[in-house]
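So this block is query_23.cif, mmCIF, C-alpha atoms:
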data_upload
#
loop_
_atom_site.label_atom_id
_atom_site.label_comp_id
_atom_site.auth_asym_id
_atom_site.auth_seq_id
_atom_site.Cartn_x
_atom_site.Cartn_y
_atom_site.Cartn_z
CA MET A 131 -6.96 36.86 -6.11
CA HIS A 132 -9.13 34.05 -7.49
CA ILE A 133 -7.00 33.64 -10.60
CA GLU A 134 -3.93 33.06 -8.40
CA ILE A 135 -5.69 30.26 -6.57
CA TRP A 136 -6.78 28.60 -9.83
CA LEU A 137 -3.25 28.91 -11.25
CA LEU A 138 -1.88 27.35 -8.08
CA ILE A 139 -4.34 24.45 -8.32
CA LEU A 140 -3.54 23.97 -12.01
CA GLY A 141 0.20 24.01 -11.29
CA MET A 142 -0.16 21.43 -8.53
CA ALA A 143 -2.29 19.23 -10.81
CA ILE A 144 0.34 19.34 -13.55
CA VAL A 145 3.19 18.64 -11.14
CA THR A 146 1.44 15.58 -9.72
CA PHE A 147 0.16 14.35 -13.08
CA ILE A 148 3.52 14.30 -14.87
CA PRO A 149 5.28 11.72 -12.63
CA ARG A 150 2.21 9.49 -12.80
CA ALA A 151 1.75 9.73 -16.56
CA LEU A 152 5.36 9.30 -17.68
CA PRO A 153 5.78 5.72 -16.41
CA VAL A 154 2.53 4.70 -18.07
CA LEU A 155 3.72 6.08 -21.38
CA PHE A 156 7.23 4.67 -21.31
CA VAL A 157 7.23 1.52 -19.16
CA GLU A 158 6.03 -0.74 -21.98
CA ARG A 159 9.03 0.22 -24.09
CA MET A 160 11.52 -0.35 -21.27
CA ARG A 161 13.11 -3.71 -20.56
CA PHE A 162 14.34 -4.45 -17.07
CA GLY A 163 16.68 -7.09 -15.75
CA LYS A 164 15.41 -9.94 -13.60
CA LYS A 165 16.59 -8.35 -10.36
CA THR A 166 14.90 -5.05 -11.21
CA GLU A 167 11.65 -6.79 -12.10
CA LYS A 168 11.74 -8.72 -8.84
CA PHE A 169 12.37 -5.46 -6.97
CA LEU A 170 9.42 -3.77 -8.70
CA LYS A 171 7.13 -6.71 -7.92
CA LEU A 172 7.98 -6.45 -4.22
CA ILE A 173 7.11 -2.74 -3.93
CA PRO A 174 3.40 -3.30 -3.07
CA TYR A 175 4.32 -5.58 -0.17
CA THR A 176 6.92 -3.14 1.09
CA ALA A 177 4.45 -0.28 0.89
CA MET A 178 1.86 -2.35 2.75
CA ALA A 179 4.35 -3.03 5.54
CA ALA A 180 5.37 0.62 5.82
CA LEU A 181 1.78 1.85 5.90
CA ILE A 182 0.33 -0.79 8.19
CA PHE A 183 3.10 -1.41 10.74
CA PRO A 184 2.49 1.73 12.86
CA GLY A 185 -1.20 0.84 13.03
CA ILE A 186 -0.46 -2.71 14.15
CA LEU A 187 0.91 -1.46 17.44
CA THR A 188 -1.93 0.99 18.07
CA VAL A 189 -5.04 -0.97 17.07
CA ASP A 190 -6.30 -1.30 20.63
CA ASP A 191 -4.28 0.11 23.51
CA SER A 192 -5.97 -2.19 26.02
CA VAL A 193 -5.32 -5.36 23.96
CA PRO A 194 -2.19 -4.73 21.84
CA TRP A 195 -1.72 -8.39 20.86
CA VAL A 196 -4.78 -8.19 18.59
CA GLY A 197 -2.92 -5.91 16.20
CA ILE A 198 0.17 -8.07 16.36
CA VAL A 199 -1.86 -11.17 15.43
CA GLY A 200 -3.45 -9.31 12.50
CA GLY A 201 -0.02 -8.12 11.36
CA CYS A 202 1.35 -11.66 11.53
CA ILE A 203 -1.59 -12.94 9.49
CA ALA A 204 -1.03 -10.25 6.86
CA GLY A 205 2.71 -10.97 6.87
CA GLY A 206 2.09 -14.68 6.42
CA PHE A 207 -0.19 -14.09 3.47
CA ALA A 208 2.32 -11.66 1.96
CA TRP A 209 5.09 -14.24 2.43
CA ARG A 210 2.98 -16.63 0.35
CA LYS A 211 2.83 -13.87 -2.32
CA MET A 212 -0.90 -13.35 -2.06
CA PRO A 213 -2.35 -10.12 -3.50
CA VAL A 214 -2.16 -7.13 -1.17
CA MET A 215 -5.95 -6.93 -0.85
CA VAL A 216 -6.11 -10.59 0.24
CA CYS A 217 -3.48 -9.91 2.91
CA VAL A 218 -5.40 -6.95 4.28
CA LEU A 219 -8.76 -8.72 4.22
CA ALA A 220 -7.28 -11.78 5.97
CA ALA A 221 -5.90 -9.57 8.75
CA ILE A 222 -9.24 -7.81 9.13
CA ALA A 223 -11.07 -11.13 9.27
CA ALA A 224 -8.64 -12.46 11.91
CA GLU A 225 -9.10 -9.40 14.10
CA PHE A 226 -12.86 -9.57 13.67
CA LEU A 227 -12.88 -13.21 14.77
CA ILE A 228 -10.70 -12.38 17.79
CA TYR A 229 -13.03 -9.59 18.87
CA ALA A 230 -16.16 -11.65 18.17
CA PHE A 231 -15.17 -14.86 19.93
CA LEU A 232 -12.23 -14.23 22.27
CA LEU A 233 -12.84 -10.79 23.74
#
For this file, produce the structure as structure tokens.
Amino acid sequence: MHIEIWLLILGMAIVTFIPRALPVLFVERMRFGKKTEKFLKLIPYTAMAALIFPGILTVDDSVPWVGIVGGCIAGGFAWRKMPVMVCVLAAIAAEFLIYAFLL
């Protein structure tokens, strides 16, 4: 019984490791067109939007506009092509200031 569990864990580790390791090994040798490179550079911002948007609307049920303001701040920073972490930290700081001084 225990060996089956360990084999299952090992199999899952291999299956998740392979798609992560292959791009690291081969991406330096690959050359992409300008449109593809632009697309790849925009993936972090797209992922941020997909992960954060549902939370924007549910930050505080009693004051929903706080989440919308934070989302707009993050969107504005992303529009200016700031790093993802800067966008997130700016939104957090904006919401903190709203809670500290306006509510």
With distances taken over all atoms listed in the file, which residue among A:Phe226, A:Trp136, A:Phe231, A:Trp209 lies nearest Leu172 (chain A)? A:Trp209
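The interatomic distance for the pair CA of Pro184 (chain A) and CA of Ile198 (chain A) works out to 10.7 Å.
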When you count only C-alpha atoms, which of these residues is closest to Pro213 (chain A): A:Pro194, A:Pro174, A:Gly200, A:Gly185? A:Pro174
To test your reading of the syntax: which residues would the PyMOL selection byres ((chain A and resi 175) around 12) return for the file shown? Reply as a PyMOL selection string. chain A and resi 168-174+176-183+204-218
Env of Ala224 (chain A): 10 Å cut, atoms = only C-alpha atoms, seq-sep filter 3 positions within chain, self excluded. Answer as a PyMOL selection string. chain A and resi 196-197+199-201+203-204+218-221+227-230
Between CA of Lys165 (chain A) and CA of Thr146 (chain A), measure the distance and give it in Å to one decimal.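 A separation of 28.3 Å between them.
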Point-to-point distance from CA of Cys202 (chain A) to CA of Leu232 (chain A), Å rounded to tenths: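 Pair CA of Cys202 (chain A) / CA of Leu232 (chain A) returns 17.5 Å.
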Taking only C-alpha atoms into account, name the residue in A:Arg150, A:Leu140, A:Ile222, A:Gly163 that is nearest to Ile186 (chain A).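 Nearest candidate to Ile186 (chain A) out of A:Arg150, A:Leu140, A:Ile222, A:Gly163: A:Ile222.
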